[in-house]
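Taking it in order: structure first as structure tokens, then the write-up.
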Amino acid sequence: MPVLGLIVNPVAGIGGRYALKGSDDATAIARALAAGASPVAPVRARRALRAVQPVQGLQVVAPAGAMGEEVAADADLSPARLSHAPAAPTTAADTRAAAAELADREVDLILFAGGDGTARDVVDVVGTRVPVLGVPCGVKMRSGVFGTTPENAGDAAARFLAQPGRYPVVDGEVLDAADAALESTLFAVARVPDVPGRLQHGKAARPFADDGALAALAEAIVEEMEPERTYLLGPGTTTGRIMAALGLVSTPLGVDAVRDGALVASDLDEEGLLRLLDGGPATLILGVIGGQGFLLGRGNQQLSARVVRKLGVDNVVIVAGPSKVAALDPPVLHVDLGEDEQDRLLDGYRRVRVAPGESIVMRVAS
């Protein structure tokens, strides 16, 4: 009988809409909760478990309470409880203790709901002894151990468990970055089920071949900016070039707003963006995450479905280096807004500006 180990980081991703850069800062998480933030990971873990539930004879082992038992029970999976009993609020030490016990029990797969920090905690303990797979719930998800969506993570887990030997395990990079850093650091290598079309790639480094085209594109976009229109610039080095061309300092992992060549606001959260959009016409300029092709849902959760609907999808401009988009395999851009049907706001074919006067049409899929 297949045995699934489940770990849920209850606070993973909870600060994304509040422009937090992760869930490691307990004080920042407390502020987000006080402001009315709702847990993200349990909801997304349930979405993944709907795909796992039909596996015949499946046994689930999970920590008590919010770290897995409750979510598994909600999915009618009757979990066995680990001996480690985490207290609220849970910590990275609880994740590591749960992962260690699951590895000792020789489960067939550890499915964890969290972000890059959770992935690091799990893999630091289990190494390559046990295959792992992440349900994307965090603020940053640069690692190549996550499903592209909760449903795809659940489907990959279900296929791997239901058909032993059909899907090999392959190396998946565990990446992360400090709050002020854009470049990823390799922390570990995990073993991940290789289920085609279900897993995201790790975040790729910026291709230096794109530098000239992007510098020229940044200057062209600045020249095109309309008076009295607000421009929202998402995270990343590509949008950072536009800010530099304006003579402004960007927030590398945040969303900034400019109007008439001046900085209006920096590092905006969801509510700040919604208030700003009450003030007149606006355009959102988005970069593409190299290697993954994500537009929304990875490191920019403050750009929520509410924000995109209020802005209007016709006011979204996508920019990327030509080598970056050419390297995407498959050549598809992704959106993961975490709100089921609302994910599909940008679905279809959209223009990606890669140089002055040059664009590539690409498919956007949720």
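We label chains A, B, ... in the order they appear in the structure tokens, count residues from 1 in each chain, and number ligands from 1 in the order shown.
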Inset, instruction - Please identify all polymer residues within 8 Å of segment 141-146 of chain A, counting only C-alpha atoms, omitting same-chain residues fewer than 6 positions from it, and present them as a ChimeraX atom specification. - result: /A:115-116,119,132-135,153,172-176,184,190,192,199-203,298-299
Just the selected residues (C-alpha atoms), exported as a PDB file, in the first residue's frame, please.
```pdb
ATOM      1  CA  GLY A 115       7.481  27.762   0.014  1.00  0.00           C
ATOM      2  CA  ASP A 116      11.249  27.724  -0.449  1.00  0.00           C
ATOM      3  CA  ALA A 119      11.496  23.065   1.176  1.00  0.00           C
ATOM      4  CA  VAL A 132       9.596  15.070  -1.893  1.00  0.00           C
ATOM      5  CA  LEU A 133       7.076  17.235  -3.694  1.00  0.00           C
ATOM      6  CA  GLY A 134       5.901  20.747  -2.863  1.00  0.00           C
ATOM      7  CA  VAL A 135       2.402  22.224  -2.993  1.00  0.00           C
ATOM      8  CA  ALA A 153       1.225  18.866  -7.305  1.00  0.00           C
ATOM      9  CA  GLY A 172      15.310  18.970  -8.042  1.00  0.00           C
ATOM     10  CA  GLU A 173      17.175  22.077  -6.926  1.00  0.00           C
ATOM     11  CA  VAL A 174      16.190  23.707  -3.632  1.00  0.00           C
ATOM     12  CA  LEU A 175      16.778  27.432  -4.116  1.00  0.00           C
ATOM     13  CA  ASP A 176      16.151  30.470  -1.941  1.00  0.00           C
ATOM     14  CA  SER A 184      18.964  32.533  -6.061  1.00  0.00           C
ATOM     15  CA  ALA A 190      16.151  16.820  -3.520  1.00  0.00           C
ATOM     16  CA  VAL A 192      11.439  14.652  -6.992  1.00  0.00           C
ATOM     17  CA  LEU A 199       6.294  20.406 -11.994  1.00  0.00           C
ATOM     18  CA  GLN A 200       7.878  23.825 -12.264  1.00  0.00           C
ATOM     19  CA  HIS A 201      11.529  24.312 -13.118  1.00  0.00           C
ATOM     20  CA  GLY A 202      13.915  26.030 -10.753  1.00  0.00           C
ATOM     21  CA  LYS A 203      14.413  29.753 -11.275  1.00  0.00           C
ATOM     22  CA  ARG A 298       5.529  33.660  -7.438  1.00  0.00           C
ATOM     23  CA  GLY A 299       6.971  36.427  -5.275  1.00  0.00           C
TER      24      GLY A 299
END
```
Inset, instruction - May I have the residues within 9 Å of Gly127 of chain A as an MDAnalysis selection string, using only C-alpha atoms and disregarding those fewer than 5 positions away in the same chain? - result: chainID A and resid 122 188:191
Go ahead and save the picked residues with C-alpha atoms, as an mmCIF file, in the first residue's frame.
```
data_model
loop_
_atom_site.group_PDB
_atom_site.id
_atom_site.type_symbol
_atom_site.label_atom_id
_atom_site.label_comp_id
_atom_site.auth_asym_id
_atom_site.auth_seq_id
_atom_site.Cartn_x
_atom_site.Cartn_y
_atom_site.Cartn_z
ATOM 1 C CA VAL A 122 12.361 19.373 4.775
ATOM 2 C CA ALA A 188 20.357 21.426 -1.598
ATOM 3 C CA VAL A 189 19.300 18.850 -4.142
ATOM 4 C CA ALA A 190 16.151 16.820 -3.520
ATOM 5 C CA ARG A 191 14.682 13.768 -5.214
#
```
Inset, instruction - Quick one: pull the distance between atom CA of Ala97 of chain A and atom CA of Arg81 of chain A, Å, one decimal. - result: 13.2 Å
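Coordinates place atom CA of Ala162 of chain A at a distance of 12.3 Å from atom CA of Pro193 of chain A.
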Inset, instruction - Could you pull out the residues in segment 93-334 of chain A that DSSP calls strand (DSSP E) from the backbone, as a VMD selection string? - result: chain A and resid 109 to 114 132 to 136 169 to 176 185 to 193 230 to 233 256 to 259 262 to 265 282 to 286 294 to 296 316 to 319 332 to 334
Output C-alpha atoms for every residue in the selection just made, as an mmCIF file, in the first residue's frame.
```
data_model
loop_
_atom_site.group_PDB
_atom_site.id
_atom_site.type_symbol
_atom_site.label_atom_id
_atom_site.label_comp_id
_atom_site.auth_asym_id
_atom_site.auth_seq_id
_atom_site.Cartn_x
_atom_site.Cartn_y
_atom_site.Cartn_z
ATOM 1 C CA LEU A 109 6.670 10.402 -0.715
ATOM 2 C CA ILE A 110 6.633 13.535 1.429
ATOM 3 C CA LEU A 111 4.114 16.068 0.140
ATOM 4 C CA PHE A 112 4.704 19.431 1.807
ATOM 5 C CA ALA A 113 2.682 22.631 1.546
ATOM 6 C CA GLY A 114 4.875 25.708 1.823
ATOM 7 C CA VAL A 132 9.596 15.070 -1.893
ATOM 8 C CA LEU A 133 7.076 17.235 -3.694
ATOM 9 C CA GLY A 134 5.901 20.747 -2.863
ATOM 10 C CA VAL A 135 2.402 22.224 -2.993
ATOM 11 C CA PRO A 136 3.128 25.885 -3.901
ATOM 12 C CA VAL A 169 12.732 10.363 -9.362
ATOM 13 C CA VAL A 170 15.104 13.064 -10.564
ATOM 14 C CA ASP A 171 17.197 15.807 -8.984
ATOM 15 C CA GLY A 172 15.310 18.970 -8.042
ATOM 16 C CA GLU A 173 17.175 22.077 -6.926
ATOM 17 C CA VAL A 174 16.190 23.707 -3.632
ATOM 18 C CA LEU A 175 16.778 27.432 -4.116
ATOM 19 C CA ASP A 176 16.151 30.470 -1.941
ATOM 20 C CA THR A 185 21.310 30.395 -3.995
ATOM 21 C CA LEU A 186 21.422 26.606 -4.323
ATOM 22 C CA PHE A 187 20.983 25.087 -0.870
ATOM 23 C CA ALA A 188 20.357 21.426 -1.598
ATOM 24 C CA VAL A 189 19.300 18.850 -4.142
ATOM 25 C CA ALA A 190 16.151 16.820 -3.520
ATOM 26 C CA ARG A 191 14.682 13.768 -5.214
ATOM 27 C CA VAL A 192 11.439 14.652 -6.992
ATOM 28 C CA PRO A 193 8.946 12.509 -8.964
ATOM 29 C CA THR A 230 0.321 55.492 -13.053
ATOM 30 C CA TYR A 231 2.778 52.726 -13.923
ATOM 31 C CA LEU A 232 3.099 49.781 -11.556
ATOM 32 C CA LEU A 233 6.399 47.919 -11.870
ATOM 33 C CA ASP A 256 6.617 50.240 -7.072
ATOM 34 C CA ALA A 257 4.458 52.948 -8.634
ATOM 35 C CA VAL A 258 5.576 55.895 -10.763
ATOM 36 C CA ARG A 259 3.685 58.743 -12.388
ATOM 37 C CA ALA A 262 8.361 60.444 -10.199
ATOM 38 C CA LEU A 263 8.093 57.698 -7.582
ATOM 39 C CA VAL A 264 4.553 57.680 -6.175
ATOM 40 C CA ALA A 265 4.851 54.722 -3.804
ATOM 41 C CA ALA A 282 -2.768 52.671 -14.657
ATOM 42 C CA THR A 283 -0.548 50.160 -16.413
ATOM 43 C CA LEU A 284 1.148 47.146 -14.823
ATOM 44 C CA ILE A 285 4.561 46.142 -16.196
ATOM 45 C CA LEU A 286 5.469 42.537 -15.406
ATOM 46 C CA PHE A 294 5.622 32.660 -14.110
ATOM 47 C CA LEU A 295 3.995 36.078 -14.410
ATOM 48 C CA LEU A 296 1.869 36.094 -11.261
ATOM 49 C CA VAL A 316 -0.887 44.567 -18.363
ATOM 50 C CA VAL A 317 2.414 44.823 -20.254
ATOM 51 C CA ILE A 318 4.810 41.849 -20.203
ATOM 52 C CA VAL A 319 8.531 42.404 -20.729
ATOM 53 C CA VAL A 332 4.201 28.868 -21.938
ATOM 54 C CA LEU A 333 3.728 31.644 -19.374
ATOM 55 C CA HIS A 334 2.042 30.740 -16.088
#
```
Would you kindly return, as an mmCIF file with C-alpha atoms, in the first residue's frame, each protein, DNA or RNA residue with an atom no farther than 8 Å from any atom of Gln301 of chain A, considering only C-alpha atoms and excluding same-chain residues fewer than 5 positions away?
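Saved file result06.cif follows:
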```
data_model
loop_
_atom_site.group_PDB
_atom_site.id
_atom_site.type_symbol
_atom_site.label_atom_id
_atom_site.label_comp_id
_atom_site.auth_asym_id
_atom_site.auth_seq_id
_atom_site.Cartn_x
_atom_site.Cartn_y
_atom_site.Cartn_z
ATOM 1 C CA GLY A 16 2.206 37.628 0.260
ATOM 2 C CA ARG A 17 -0.599 40.132 -0.243
ATOM 3 C CA ALA A 19 4.179 42.595 0.539
ATOM 4 C CA VAL A 139 5.724 33.892 -1.108
ATOM 5 C CA LEU A 296 1.869 36.094 -11.261
ATOM 6 C CA LEU A 337 -3.426 33.584 -8.445
#
```
Inset, instruction - Check the smallest atom-to-atom distance from each of A:His84, A:Lys324, A:Arg159, A:Arg229 to Arg353 of chain A using only C-alpha atoms, then report the winner. - result: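 Looking only at the distances to Arg353 of chain A, the closest residue turns out to be A:Lys324.
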Legend entry - Near-segment 303-308 of chain A list (8 Å; only C-alpha atoms; drop same-chain fewer than 2 positions) as JSON, numbers by chain: {"A": [17, 270, 273, 274, 296, 300, 301, 310, 311, 312, 313, 337, 339, 342, 343, 345]}
Inset, instruction - Find the spatial neighbours of Gly321 of chain A, counting only C-alpha atoms, within a cut-off of 9 Å - ignore same-chain residues fewer than 3 positions away - and output them as a list of chain:residue names. - result: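 That gives A:Arg206, A:Pro207, A:Ala209, A:Asp210, A:Asp211, A:Ala213, A:Leu214, A:Thr238, A:Val288, A:Lys324, A:Val325, A:Ala326, A:Arg353, A:Val354, A:Ala355.
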Just N, CA and C atoms for this one: save the residues we selected as a PDB file, in the first residue's frame.
```pdb
ATOM      1  N   ARG A 206      19.746  35.041 -14.892  1.00  0.00           N
ATOM      2  CA  ARG A 206      19.496  35.982 -15.979  1.00  0.00           C
ATOM      3  C   ARG A 206      20.486  35.772 -17.116  1.00  0.00           C
ATOM      4  N   PRO A 207      19.991  35.624 -18.371  1.00  0.00           N
ATOM      5  CA  PRO A 207      20.918  35.485 -19.510  1.00  0.00           C
ATOM      6  C   PRO A 207      21.582  36.826 -19.834  1.00  0.00           C
ATOM      7  N   ALA A 209      23.095  37.592 -22.403  1.00  0.00           N
ATOM      8  CA  ALA A 209      22.904  37.932 -23.813  1.00  0.00           C
ATOM      9  C   ALA A 209      21.750  38.894 -24.015  1.00  0.00           C
ATOM     10  N   ASP A 210      20.854  38.996 -23.033  1.00  0.00           N
ATOM     11  CA  ASP A 210      19.682  39.864 -23.156  1.00  0.00           C
ATOM     12  C   ASP A 210      19.950  41.306 -22.717  1.00  0.00           C
ATOM     13  N   ASP A 211      21.131  41.578 -22.182  1.00  0.00           N
ATOM     14  CA  ASP A 211      21.372  42.883 -21.556  1.00  0.00           C
ATOM     15  C   ASP A 211      21.143  44.048 -22.507  1.00  0.00           C
ATOM     16  N   ALA A 213      19.382  44.266 -25.384  1.00  0.00           N
ATOM     17  CA  ALA A 213      17.984  44.416 -25.783  1.00  0.00           C
ATOM     18  C   ALA A 213      17.149  44.986 -24.652  1.00  0.00           C
ATOM     19  N   LEU A 214      17.399  44.547 -23.421  1.00  0.00           N
ATOM     20  CA  LEU A 214      16.603  45.021 -22.297  1.00  0.00           C
ATOM     21  C   LEU A 214      16.914  46.475 -21.939  1.00  0.00           C
ATOM     22  N   THR A 238      14.336  42.980 -14.732  1.00  0.00           N
ATOM     23  CA  THR A 238      13.890  43.597 -15.986  1.00  0.00           C
ATOM     24  C   THR A 238      13.134  44.878 -15.700  1.00  0.00           C
ATOM     25  N   VAL A 288       9.128  38.260 -16.373  1.00  0.00           N
ATOM     26  CA  VAL A 288       8.916  36.807 -16.419  1.00  0.00           C
ATOM     27  C   VAL A 288      10.007  36.140 -15.591  1.00  0.00           C
ATOM     28  N   LYS A 324      15.551  34.686 -22.545  1.00  0.00           N
ATOM     29  CA  LYS A 324      14.803  34.126 -21.418  1.00  0.00           C
ATOM     30  C   LYS A 324      13.541  33.420 -21.894  1.00  0.00           C
ATOM     31  N   VAL A 325      12.775  34.057 -22.772  1.00  0.00           N
ATOM     32  CA  VAL A 325      11.535  33.423 -23.221  1.00  0.00           C
ATOM     33  C   VAL A 325      11.827  32.272 -24.187  1.00  0.00           C
ATOM     34  N   ALA A 326      12.893  32.395 -24.967  1.00  0.00           N
ATOM     35  CA  ALA A 326      13.243  31.318 -25.894  1.00  0.00           C
ATOM     36  C   ALA A 326      13.650  30.052 -25.155  1.00  0.00           C
ATOM     37  N   ARG A 353       6.998  41.909 -24.842  1.00  0.00           N
ATOM     38  CA  ARG A 353       7.954  42.833 -25.451  1.00  0.00           C
ATOM     39  C   ARG A 353       9.374  42.397 -25.078  1.00  0.00           C
ATOM     40  N   VAL A 354      10.219  42.198 -26.091  1.00  0.00           N
ATOM     41  CA  VAL A 354      11.574  41.690 -25.864  1.00  0.00           C
ATOM     42  C   VAL A 354      12.656  42.673 -26.302  1.00  0.00           C
ATOM     43  N   ALA A 355      12.293  43.696 -27.042  1.00  0.00           N
ATOM     44  CA  ALA A 355      13.234  44.721 -27.511  1.00  0.00           C
ATOM     45  C   ALA A 355      12.393  45.849 -28.090  1.00  0.00           C
TER      46      ALA A 355
END
```
Could you give me the residues within segment 198-358 of chain A that DSSP places in helix (DSSP H, G or I), as a compact mmCIF listing (two decimals) with C-alpha atoms, in the first residue's frame?
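Generated file (result-v2.txt):
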```
# COMPACT_ATOMS: atom_id res chain seq x y z
CA PHE A 208 23.61 38.11 -20.06
CA ALA A 209 22.90 37.93 -23.81
CA ASP A 210 19.68 39.86 -23.16
CA ASP A 211 21.37 42.88 -21.56
CA GLY A 212 21.56 45.08 -24.66
CA ALA A 213 17.98 44.42 -25.78
CA LEU A 214 16.60 45.02 -22.30
CA ALA A 215 18.52 48.25 -21.79
CA ALA A 216 17.13 49.61 -25.05
CA LEU A 217 13.63 48.34 -24.22
CA ALA A 218 13.70 50.08 -20.84
CA GLU A 219 14.57 53.40 -22.50
CA ALA A 220 11.79 52.90 -25.07
CA ILE A 221 9.17 52.19 -22.40
CA VAL A 222 10.17 55.31 -20.48
CA GLU A 223 9.76 57.37 -23.65
CA GLU A 224 6.28 55.89 -24.18
CA THR A 237 15.71 42.90 -12.72
CA THR A 238 13.89 43.60 -15.99
CA THR A 239 11.45 46.04 -14.42
CA GLY A 240 14.32 47.34 -12.31
CA ARG A 241 15.98 48.49 -15.55
CA ILE A 242 12.93 50.62 -16.30
CA MET A 243 13.14 52.22 -12.87
CA ALA A 244 16.85 52.87 -13.42
CA ALA A 245 16.10 54.47 -16.79
CA GLU A 270 -2.53 44.61 -2.09
CA GLU A 271 -4.60 47.26 -0.30
CA GLY A 272 -2.13 49.98 -1.26
CA LEU A 273 -2.38 48.93 -4.90
CA LEU A 274 -6.18 48.93 -4.81
CA ARG A 275 -6.23 52.43 -3.29
CA LEU A 276 -3.78 53.68 -5.89
CA LEU A 277 -5.95 52.32 -8.71
CA ALA A 305 -6.90 38.76 -8.79
CA ARG A 306 -8.63 41.78 -7.20
CA VAL A 307 -5.82 44.06 -8.34
CA VAL A 308 -5.72 42.63 -11.88
CA ARG A 309 -9.50 42.86 -12.29
CA LYS A 310 -9.53 46.47 -11.11
CA LEU A 311 -6.59 47.35 -13.33
CA VAL A 313 -6.13 42.83 -18.26
CA ASP A 314 -5.63 45.11 -21.28
CA ASN A 315 -3.45 47.30 -19.07
CA PRO A 322 14.50 37.29 -25.85
CA SER A 323 16.83 34.54 -24.60
CA LYS A 324 14.80 34.13 -21.42
CA VAL A 325 11.54 33.42 -23.22
CA ALA A 326 13.24 31.32 -25.89
CA ASP A 340 -9.52 28.85 -8.88
CA GLU A 341 -11.43 30.31 -11.83
CA GLN A 342 -10.05 33.78 -11.15
CA ASP A 343 -6.65 32.41 -12.12
CA ARG A 344 -7.82 32.55 -15.72
CA LEU A 345 -7.91 36.34 -15.99
CA LEU A 346 -4.85 36.41 -18.25
```
Inset, instruction - Have a look at A:Gly13, A:Pro131, A:Pro235, A:Gly5 and name the one nearest to Pro79 of chain A; count only C-alpha atoms. - result: A:Gly5
